[in-house]
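Data block for entry17.cif (mmCIF, C-alpha atoms):
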```cif
data_protein
#
loop_
_atom_site.label_atom_id
_atom_site.label_comp_id
_atom_site.auth_asym_id
_atom_site.auth_seq_id
_atom_site.Cartn_x
_atom_site.Cartn_y
_atom_site.Cartn_z
CA MET A 1 -3.05 -0.85 -25.52
CA HIS A 2 0.59 0.12 -25.20
CA LEU A 3 1.26 3.51 -23.67
CA PRO A 4 4.57 5.33 -24.02
CA GLN A 5 6.72 5.75 -20.97
CA ARG A 6 6.12 8.83 -18.82
CA THR A 7 2.39 8.66 -19.49
CA ILE A 8 0.60 8.51 -16.16
CA VAL A 9 -2.70 6.69 -16.00
CA LEU A 10 -5.18 5.46 -13.44
CA ALA A 11 -5.33 1.72 -13.97
CA PRO A 12 -8.40 -0.44 -13.33
CA LEU A 13 -8.07 -2.54 -10.20
CA ALA A 14 -8.78 -5.73 -12.10
CA SER A 15 -5.87 -5.05 -14.42
CA VAL A 16 -3.30 -4.27 -11.73
CA ALA A 17 -0.54 -6.74 -12.54
CA ALA A 18 0.72 -9.20 -9.96
CA LEU A 19 3.95 -8.68 -8.02
CA GLY A 20 6.32 -11.56 -7.50
CA LEU A 21 8.67 -12.87 -4.90
CA LEU A 22 12.27 -11.81 -5.16
CA ALA A 23 14.87 -14.35 -4.17
CA GLY A 24 16.67 -13.60 -0.92
CA ALA A 25 17.11 -14.35 2.75
CA THR A 26 14.07 -14.81 4.92
CA LEU A 27 13.07 -12.33 7.57
CA PRO A 28 14.43 -12.86 11.08
CA PRO A 29 12.42 -14.74 13.72
CA GLY A 30 10.11 -12.48 15.67
CA ALA A 31 9.25 -10.30 12.71
CA ALA A 32 5.72 -11.64 12.34
CA GLY A 33 2.86 -9.15 12.57
CA GLY A 34 0.62 -8.45 15.51
CA GLY A 35 -2.13 -10.63 16.86
CA SER A 36 -5.48 -11.39 15.34
CA THR A 37 -8.28 -8.91 15.59
CA GLY A 38 -10.18 -11.75 17.25
CA PRO A 39 -13.82 -12.63 16.77
CA GLY A 40 -16.02 -9.92 15.38
CA THR A 41 -17.80 -8.01 18.13
CA PRO A 42 -19.57 -4.67 18.20
CA ALA A 43 -17.36 -1.74 19.09
CA ILE A 44 -17.97 1.92 19.80
CA THR A 45 -16.55 4.23 17.18
CA VAL A 46 -14.50 7.02 18.74
CA ALA A 47 -14.70 10.14 16.61
CA THR A 48 -12.12 12.88 16.31
CA GLY A 49 -14.55 15.29 14.74
CA ASP A 50 -17.43 15.22 12.29
CA GLY A 51 -17.50 11.44 11.94
CA ALA A 52 -13.76 10.82 11.56
CA LEU A 53 -12.18 7.82 13.29
CA ASP A 54 -9.37 8.31 15.77
CA GLU A 55 -5.98 6.65 15.29
CA ASP A 56 -6.80 3.64 17.48
CA ARG A 57 -9.88 2.82 15.42
CA LEU A 58 -7.97 3.44 12.19
CA ARG A 59 -5.36 0.96 13.39
CA SER A 60 -8.05 -1.67 13.97
CA ALA A 61 -9.14 -1.20 10.33
CA LEU A 62 -5.70 -1.96 8.88
CA LEU A 63 -4.76 -5.18 7.17
CA ASP A 64 -3.15 -7.54 9.64
CA HIS A 65 -1.38 -10.90 9.51
CA THR A 66 -4.66 -12.83 9.30
CA ASP A 67 -5.31 -11.21 5.91
CA PHE A 68 -2.18 -12.71 4.31
CA PRO A 69 -1.26 -16.22 3.18
CA GLN A 70 1.21 -18.20 5.25
CA GLY A 71 4.79 -17.08 4.81
CA TRP A 72 4.28 -13.34 5.25
CA ALA A 73 5.66 -11.44 8.24
CA GLY A 74 5.22 -8.02 9.76
CA ASP A 75 7.52 -5.26 8.49
CA SER A 76 8.27 -1.72 9.63
CA SER A 77 9.64 1.54 8.26
CA GLU A 78 12.79 1.02 10.33
CA GLN A 79 13.39 -2.45 8.87
CA ALA A 80 12.81 -1.14 5.35
CA GLU A 81 15.31 1.67 5.94
CA ARG A 82 17.96 -0.78 7.16
CA ARG A 83 17.36 -3.07 4.18
CA GLY A 84 17.35 -0.21 1.72
CA ILE A 85 14.45 -1.68 -0.29
CA GLY A 86 10.70 -1.82 0.12
CA VAL A 87 7.71 0.11 -1.15
CA PRO A 88 9.45 3.13 -2.72
CA ARG A 89 9.55 6.53 -1.04
CA PRO A 90 9.86 9.14 -3.81
CA THR A 91 12.59 11.72 -3.32
CA GLU A 92 10.35 14.34 -4.96
CA ASP A 93 8.13 15.85 -2.25
CA GLY A 94 5.20 16.21 -4.62
CA CYS A 95 5.27 12.50 -5.46
CA ARG A 96 5.20 11.13 -1.91
CA GLU A 97 1.43 11.51 -1.82
CA LEU A 98 1.27 8.54 -4.19
CA PHE A 99 2.13 6.18 -1.34
CA GLU A 100 1.28 8.08 1.85
CA PRO A 101 -1.18 10.79 2.88
CA ALA A 102 -0.09 14.41 2.81
CA GLY A 103 0.64 16.10 6.12
CA ASP A 104 2.56 15.26 9.29
CA GLY A 105 1.18 11.75 9.75
CA SER A 106 -1.41 12.66 12.38
CA GLY A 107 -4.78 11.00 11.90
CA THR A 108 -3.20 8.03 10.15
CA ALA A 109 -2.34 4.41 10.92
CA ARG A 110 0.22 2.30 9.05
CA ALA A 111 1.18 -1.36 8.75
CA GLY A 112 3.81 -3.14 6.67
CA PHE A 113 4.38 -6.73 5.58
CA ALA A 114 7.07 -8.66 3.71
CA ARG A 115 7.52 -12.15 2.35
CA THR A 116 11.34 -12.15 2.52
CA HIS A 117 14.12 -9.61 2.99
CA ALA A 118 14.03 -9.13 -0.79
CA GLY A 119 10.26 -8.84 -1.14
CA PRO A 120 7.58 -8.60 -2.11
CA PHE A 121 6.60 -5.82 0.30
CA VAL A 122 3.18 -4.41 1.20
CA VAL A 123 2.40 -1.18 3.04
CA THR A 124 -1.11 -0.02 3.93
CA VAL A 125 -2.07 3.38 5.38
CA ALA A 126 -5.52 4.41 6.61
CA ALA A 127 -6.25 8.09 7.16
CA ALA A 128 -9.03 10.22 8.63
CA HIS A 129 -9.72 13.52 6.88
CA GLY A 130 -12.24 15.15 9.19
CA ASP A 131 -15.20 14.91 6.83
CA GLU A 132 -16.10 13.65 3.37
CA ALA A 133 -14.99 16.90 1.75
CA GLY A 134 -11.54 16.43 3.25
CA ALA A 135 -11.39 12.84 2.01
CA ARG A 136 -12.43 13.91 -1.48
CA ALA A 137 -9.69 16.53 -1.40
CA ALA A 138 -7.21 13.79 -0.50
CA MET A 139 -8.33 11.78 -3.53
CA GLU A 140 -7.85 14.88 -5.68
CA GLY A 141 -4.37 15.30 -4.23
CA PHE A 142 -3.54 11.72 -5.20
CA ALA A 143 -4.80 12.35 -8.73
CA ARG A 144 -2.65 15.49 -9.02
CA ALA A 145 0.41 13.58 -7.86
CA ALA A 146 -0.35 10.84 -10.37
CA HIS A 147 -0.40 13.28 -13.27
CA GLU A 148 2.66 15.20 -12.10
CA CYS A 149 4.75 12.11 -11.30
CA ALA A 150 4.85 10.09 -14.49
CA THR A 151 8.41 9.37 -13.38
CA PHE A 152 9.73 9.60 -9.84
CA HIS A 153 13.00 8.67 -8.16
CA ALA A 154 13.89 6.79 -4.99
CA GLU A 155 17.03 5.93 -3.05
CA GLU A 156 17.59 2.19 -2.70
CA GLY A 157 20.33 0.18 -1.07
CA ALA A 158 21.53 -0.30 2.49
CA GLU A 159 23.47 2.40 4.35
CA ARG A 160 26.38 3.75 2.26
CA ASN A 161 25.58 1.62 -0.78
CA THR A 162 22.54 3.58 -1.88
CA SER A 163 21.79 4.46 -5.47
CA THR A 164 19.09 6.51 -7.16
CA VAL A 165 16.60 4.57 -9.27
CA SER A 166 13.65 5.79 -11.30
CA TYR A 167 10.10 4.45 -11.55
CA THR A 168 7.96 5.21 -14.60
CA ALA A 169 4.19 4.91 -14.90
CA ASP A 170 3.09 1.82 -16.79
CA GLY A 171 -0.54 0.83 -17.29
CA ASP A 172 -3.80 1.52 -19.07
CA GLY A 173 -7.46 2.12 -18.29
CA SER A 174 -9.23 4.24 -15.69
CA SER A 175 -10.07 4.22 -12.00
CA PRO A 176 -11.26 0.89 -10.53
CA GLU A 177 -15.01 0.62 -10.04
CA GLY A 178 -16.96 -0.73 -7.10
CA LEU A 179 -14.26 -0.21 -4.48
CA GLY A 180 -15.40 2.03 -1.63
CA ASP A 181 -17.02 5.34 -2.56
CA GLU A 182 -14.31 6.04 -5.14
CA ALA A 183 -10.93 4.55 -5.93
CA ALA A 184 -7.86 4.79 -8.15
CA ALA A 185 -4.93 2.51 -8.97
CA LEU A 186 -1.44 3.09 -10.34
CA ARG A 187 1.41 0.88 -11.52
CA PHE A 188 5.07 1.89 -11.95
CA THR A 189 8.00 -0.02 -13.41
CA ARG A 190 11.50 0.46 -12.03
CA GLU A 191 14.32 1.11 -14.46
CA SER A 192 16.33 -2.00 -15.26
CA GLY A 193 19.77 -2.24 -13.73
CA GLY A 194 21.13 -4.30 -16.60
CA PRO A 195 20.55 -7.33 -18.83
CA GLY A 196 19.02 -10.27 -17.03
CA GLU A 197 17.85 -8.29 -14.01
CA ALA A 198 14.33 -9.16 -12.92
CA GLY A 199 11.75 -6.46 -13.57
CA VAL A 200 10.48 -4.69 -10.46
CA VAL A 201 7.13 -2.94 -10.19
CA ALA A 202 5.44 -0.78 -7.56
CA GLU A 203 1.67 -0.56 -7.43
CA VAL A 204 -0.77 1.33 -5.25
CA VAL A 205 -4.53 1.38 -4.81
CA ILE A 206 -6.32 4.16 -2.92
CA ALA A 207 -9.99 4.10 -1.95
CA ARG A 208 -12.28 6.48 -0.09
CA VAL A 209 -14.76 5.32 2.52
CA GLY A 210 -16.76 8.31 3.70
CA ALA A 211 -14.41 10.67 5.52
CA HIS A 212 -11.49 8.23 5.30
CA THR A 213 -9.04 6.85 2.77
CA VAL A 214 -6.96 3.70 2.68
CA ARG A 215 -3.91 3.00 0.52
CA VAL A 216 -2.48 -0.43 -0.22
CA ALA A 217 0.89 -0.44 -1.98
CA GLN A 218 3.01 -3.38 -3.07
CA ALA A 219 6.51 -3.61 -4.54
CA GLY A 220 8.56 -6.53 -5.81
CA ARG A 221 9.48 -8.59 -8.83
CA ASP A 222 7.00 -8.50 -11.70
CA ASP A 223 5.78 -12.09 -11.57
CA ALA A 224 2.16 -12.87 -12.40
CA ALA A 225 2.31 -16.16 -10.50
CA ALA A 226 2.54 -14.43 -7.12
CA GLY A 227 -0.87 -12.73 -7.04
CA GLY A 228 -1.78 -9.05 -7.12
CA LEU A 229 -3.37 -6.26 -5.13
CA THR A 230 -7.03 -6.93 -5.88
CA GLY A 231 -7.80 -9.14 -2.91
CA LEU A 232 -5.80 -7.06 -0.44
CA ALA A 233 -7.41 -3.81 -1.58
CA GLU A 234 -10.90 -5.30 -1.33
CA ARG A 235 -10.14 -6.61 2.16
CA ALA A 236 -8.70 -3.26 3.29
CA VAL A 237 -11.83 -1.42 2.15
CA GLU A 238 -14.08 -4.02 3.75
CA LYS A 239 -12.35 -3.62 7.12
CA LEU A 240 -12.44 0.17 6.96
CA GLN A 241 -16.15 0.08 6.17
CA GLN A 242 -16.78 -2.24 9.13
CA VAL A 243 -14.89 0.00 11.54
CA ALA A 244 -16.56 3.15 10.21
CA GLU A 245 -19.91 1.48 10.91
CA GLY A 246 -18.88 0.83 14.53
CA HIS A 247 -17.84 -2.83 14.30
CA THR A 248 -14.64 -4.78 14.87
CA PRO A 249 -13.56 -6.59 11.68
CA GLN A 250 -13.83 -10.37 11.69
CA PRO A 251 -10.81 -12.42 10.55
CA LEU A 252 -11.34 -14.29 7.30
CA PRO A 253 -12.34 -17.85 8.22
CA ASP A 254 -10.25 -19.50 5.50
CA GLN A 255 -7.10 -17.37 5.77
CA PRO A 256 -4.23 -18.88 7.81
CA GLY A 257 -2.41 -15.58 8.22
CA ALA A 258 1.24 -14.66 8.24
CA THR A 259 3.75 -16.85 10.00
CA GLU A 260 7.13 -16.31 11.59
CA LEU A 261 9.82 -16.94 9.00
#
```
Is it possible to give me this structure as structure tokens?
Amino acid sequence: MHLPQRTIVLAPLASVAALGLLAGATLPPGAAGGGSTGPGTPAITVATGDGALDEDRLRSALLDHTDFPQGWAGDSSEQAERRGIGVPRPTEDGCRELFEPAGDGSGTARAGFARTHAGPFVVTVAAAHGDEAGARAAMEGFARAAHECATFHAEEGAERNTSTVSYTADGDGSSPEGLGDEAAALRFTRESGGPGEAGVVAEVVIARVGAHTVRVAQAGRDDAAAGGLTGLAERAVEKLQQVAEGHTPQPLPDQPGATEL
């Protein structure tokens, strides 16, 4: 079903389109992500109140380099700012909740990954909300942002060569089923810069696990051959569930992990 531009929808996880690899220079040596979580062993969950995980435990629940195919490397907000491209950061305050939790960043943990300097890029953020009511409120906040931000804008480009681009909602269907306690997914298409320019999309999946939420966002060229968010989102929820239950996540046995490019 074709939907007109500016119509915001919650897309089913299975239908989230794949993001492709943009041509460009590779990341510098030393940019690879942190070490493996190691073998799965029981761990004590440290609570910050009413069952919420503290930031150290949230960090242990994040995707890491063992969750990615070979060729991916660790990325950071600072590197993305220097590049001028990455997962978009909306200039409209009310739209930033699409890609990051509301608030001052406390009670959250973040990790970023990139395939090359030109993408694709992945950012994941886990957040503790105090209790399940707080986490449900965070999901409601995401839904409000989705409906209010059928189009949002972002600054892209390095240093003085920045330009304002717009992203418009593009998708169909409803919230994904079977992911955490509840979940939602969105897809945006960036405005084209001219004839022959590769299409760029930004996608995000958010899921609630008890008193916590996790977002996984990806941005890059719209290329179905590169794979999509489904596997990463499922893995992110699996790890958060394991940590919430008091365990240390086990690395996937058949996943080689990111390498230094």
Legend entry - the PyMOL selection byres ((chain A and resi 134) around 12) applied to the shown file, residues as a list in words: Gly49, Asp50, Gly51, Ala52, Pro101, Ala102, Ala127, Ala128, His129, Gly130, Asp131, Glu132, Ala133, Ala135, Arg136, Ala137, Ala138, Met139, Glu140, Gly141, Arg208, Val209, Gly210, Ala211, His212 and Thr213 of chain A
Legend entry - Selection result for the PyMOL selection byres ((chain A and resi 164) around 10) on this file, as a PyMOL selection string: chain A and resi 91+153-157+162-163+165-166
Inset, instruction - Go ahead and compute the interatomic distance for atom CA of Leu232 of chain A and atom CA of Pro120 of chain A, in Å to one decimal. - result: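 Taking atom CA of Leu232 of chain A as the start and atom CA of Pro120 of chain A as the end point, the length is 13.6 Å.
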Legend entry - atom CA of Arg57 of chain A to atom CA of His247 of chain A, straight-line distance in Å: 9.8 Å
Taking the file as shown, find all residues satisfying the PyMOL selection byres ((chain A and resi 81) around 12) and write them as a short mmCIF file (atom, residue, chain, number, x, y, z; two decimals) with C-alpha atoms, in the frame of the given file.
```cif
data_model
loop_
_atom_site.label_atom_id
_atom_site.label_comp_id
_atom_site.auth_asym_id
_atom_site.auth_seq_id
_atom_site.Cartn_x
_atom_site.Cartn_y
_atom_site.Cartn_z
CA ASP A 75 7.52 -5.26 8.49
CA SER A 76 8.27 -1.72 9.63
CA SER A 77 9.64 1.54 8.26
CA GLU A 78 12.79 1.02 10.33
CA GLN A 79 13.39 -2.45 8.87
CA ALA A 80 12.81 -1.14 5.35
CA ARG A 82 17.96 -0.78 7.16
CA ARG A 83 17.36 -3.07 4.18
CA GLY A 84 17.35 -0.21 1.72
CA ILE A 85 14.45 -1.68 -0.29
CA GLY A 86 10.70 -1.82 0.12
CA VAL A 87 7.71 0.11 -1.15
CA PRO A 88 9.45 3.13 -2.72
CA ARG A 89 9.55 6.53 -1.04
CA HIS A 117 14.12 -9.61 2.99
CA GLU A 155 17.03 5.93 -3.05
CA GLU A 156 17.59 2.19 -2.70
CA GLY A 157 20.33 0.18 -1.07
CA ALA A 158 21.53 -0.30 2.49
CA GLU A 159 23.47 2.40 4.35
CA ARG A 160 26.38 3.75 2.26
CA THR A 162 22.54 3.58 -1.88
#
```
Legend entry - Which residue of A:Leu98, A:Ala111, A:Ala118, A:Leu53 approaches Leu186 of chain A most closely, using all atoms listed in the file: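 With all atoms listed in the file as the atom set, the closest residue is A:Leu98.
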Legend entry - Residue among A:Ala244, A:Val125, A:Ala219, A:Leu252 lying closest to Asp54 of chain A, counting all atoms listed in the file: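 Of all the options, A:Ala244 lies closest to Asp54 of chain A.
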Inset, instruction - Work out how far atom CA of Ser60 of chain A is from atom CA of Gln242 of chain A, in Å to one decimal. - result: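 Calculated distance between atom CA of Gln242 of chain A and atom CA of Ser60 of chain A is 10.0 Å.
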Legend entry - Given only C-alpha atoms as the counted atoms, nearest of A:Ala184, A:Leu229, A:Val205, A:Ala169 to Ala150 of chain A: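 Closest residue, counting only C-alpha atoms: A:Ala169.
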Legend entry - Selected residue, from A:Glu148, A:Glu203, A:Asp93, A:Glu245, that lies nearest to Arg187 of chain A when counting all atoms listed in the file: A:Glu203
Padding 6 Å on every side, please: axis-aligned box over the listed atoms of segment 203-207 of chain A, centre and edge lengths to one decimal in Å, as lines of an AutoDock Vina configuration file.
```
center_x = -4.2
center_y = 1.8
center_z = -4.7
size_x = 23.7
size_y = 16.7
size_z = 17.5
```
Legend entry - Nearest candidate to Thr168 of chain A (options A:Gly220, A:Pro249, A:Pro90, A:Gly103; using all atoms listed in the file):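 Of all the options, A:Pro90 lies closest to Thr168 of chain A.
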Legend entry - Nearest residue to Gly71 of chain A from the set A:Glu92, A:Leu240, A:Arg59, A:Gly119 (distances using all atoms listed in the file): A:Gly119
For the structure just given, write the atoms of segment 236-251 of chain A, namely N, CA and C atoms, as an mmCIF file, in the first residue's frame.
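Okay, this is what ended up in selection.cif:
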```cif
data_model
loop_
_atom_site.group_PDB
_atom_site.id
_atom_site.type_symbol
_atom_site.label_atom_id
_atom_site.label_comp_id
_atom_site.auth_asym_id
_atom_site.auth_seq_id
_atom_site.Cartn_x
_atom_site.Cartn_y
_atom_site.Cartn_z
ATOM 1 N N ALA A 236 19.246 -7.110 20.399
ATOM 2 C CA ALA A 236 19.263 -6.080 21.433
ATOM 3 C C ALA A 236 18.243 -6.380 22.527
ATOM 4 N N VAL A 237 17.061 -6.826 22.135
ATOM 5 C CA VAL A 237 16.035 -7.169 23.119
ATOM 6 C C VAL A 237 16.446 -8.408 23.907
ATOM 7 N N GLU A 238 17.015 -9.388 23.227
ATOM 8 C CA GLU A 238 17.460 -10.601 23.904
ATOM 9 C C GLU A 238 18.491 -10.274 24.985
ATOM 10 N N LYS A 239 19.454 -9.419 24.667
ATOM 11 C CA LYS A 239 20.489 -9.073 25.635
ATOM 12 C C LYS A 239 19.910 -8.292 26.808
ATOM 13 N N LEU A 240 18.991 -7.363 26.531
ATOM 14 C CA LEU A 240 18.386 -6.598 27.612
ATOM 15 C C LEU A 240 17.578 -7.510 28.531
ATOM 16 N N GLN A 241 16.876 -8.462 27.965
ATOM 17 C CA GLN A 241 16.123 -9.413 28.778
ATOM 18 C C GLN A 241 17.057 -10.230 29.663
ATOM 19 N N GLN A 242 18.181 -10.673 29.112
ATOM 20 C CA GLN A 242 19.132 -11.461 29.888
ATOM 21 C C GLN A 242 19.697 -10.665 31.054
ATOM 22 N N VAL A 243 20.052 -9.413 30.807
ATOM 23 C CA VAL A 243 20.612 -8.581 31.874
ATOM 24 C C VAL A 243 19.552 -8.274 32.924
ATOM 25 N N ALA A 244 18.332 -7.988 32.499
ATOM 26 C CA ALA A 244 17.252 -7.705 33.442
ATOM 27 C C ALA A 244 16.960 -8.905 34.344
ATOM 28 N N GLU A 245 17.245 -10.099 33.835
ATOM 29 C CA GLU A 245 17.037 -11.323 34.620
ATOM 30 C C GLU A 245 18.243 -11.671 35.482
ATOM 31 N N GLY A 246 19.302 -10.826 35.428
ATOM 32 C CA GLY A 246 20.455 -11.023 36.295
ATOM 33 C C GLY A 246 21.584 -11.810 35.673
ATOM 34 N N HIS A 247 21.609 -11.929 34.353
ATOM 35 C CA HIS A 247 22.648 -12.691 33.672
ATOM 36 C C HIS A 247 23.519 -11.792 32.804
ATOM 37 N N THR A 248 24.703 -12.298 32.458
ATOM 38 C CA THR A 248 25.563 -11.625 31.499
ATOM 39 C C THR A 248 25.317 -12.240 30.131
ATOM 40 N N PRO A 249 25.012 -11.450 29.114
ATOM 41 C CA PRO A 249 24.715 -12.004 27.788
ATOM 42 C C PRO A 249 25.875 -12.825 27.231
ATOM 43 N N GLN A 250 25.528 -13.897 26.550
ATOM 44 C CA GLN A 250 26.528 -14.731 25.892
ATOM 45 C C GLN A 250 26.714 -14.281 24.458
ATOM 46 N N PRO A 251 27.969 -14.180 23.974
ATOM 47 C CA PRO A 251 28.186 -13.847 22.562
ATOM 48 C C PRO A 251 27.559 -14.901 21.664
#
```
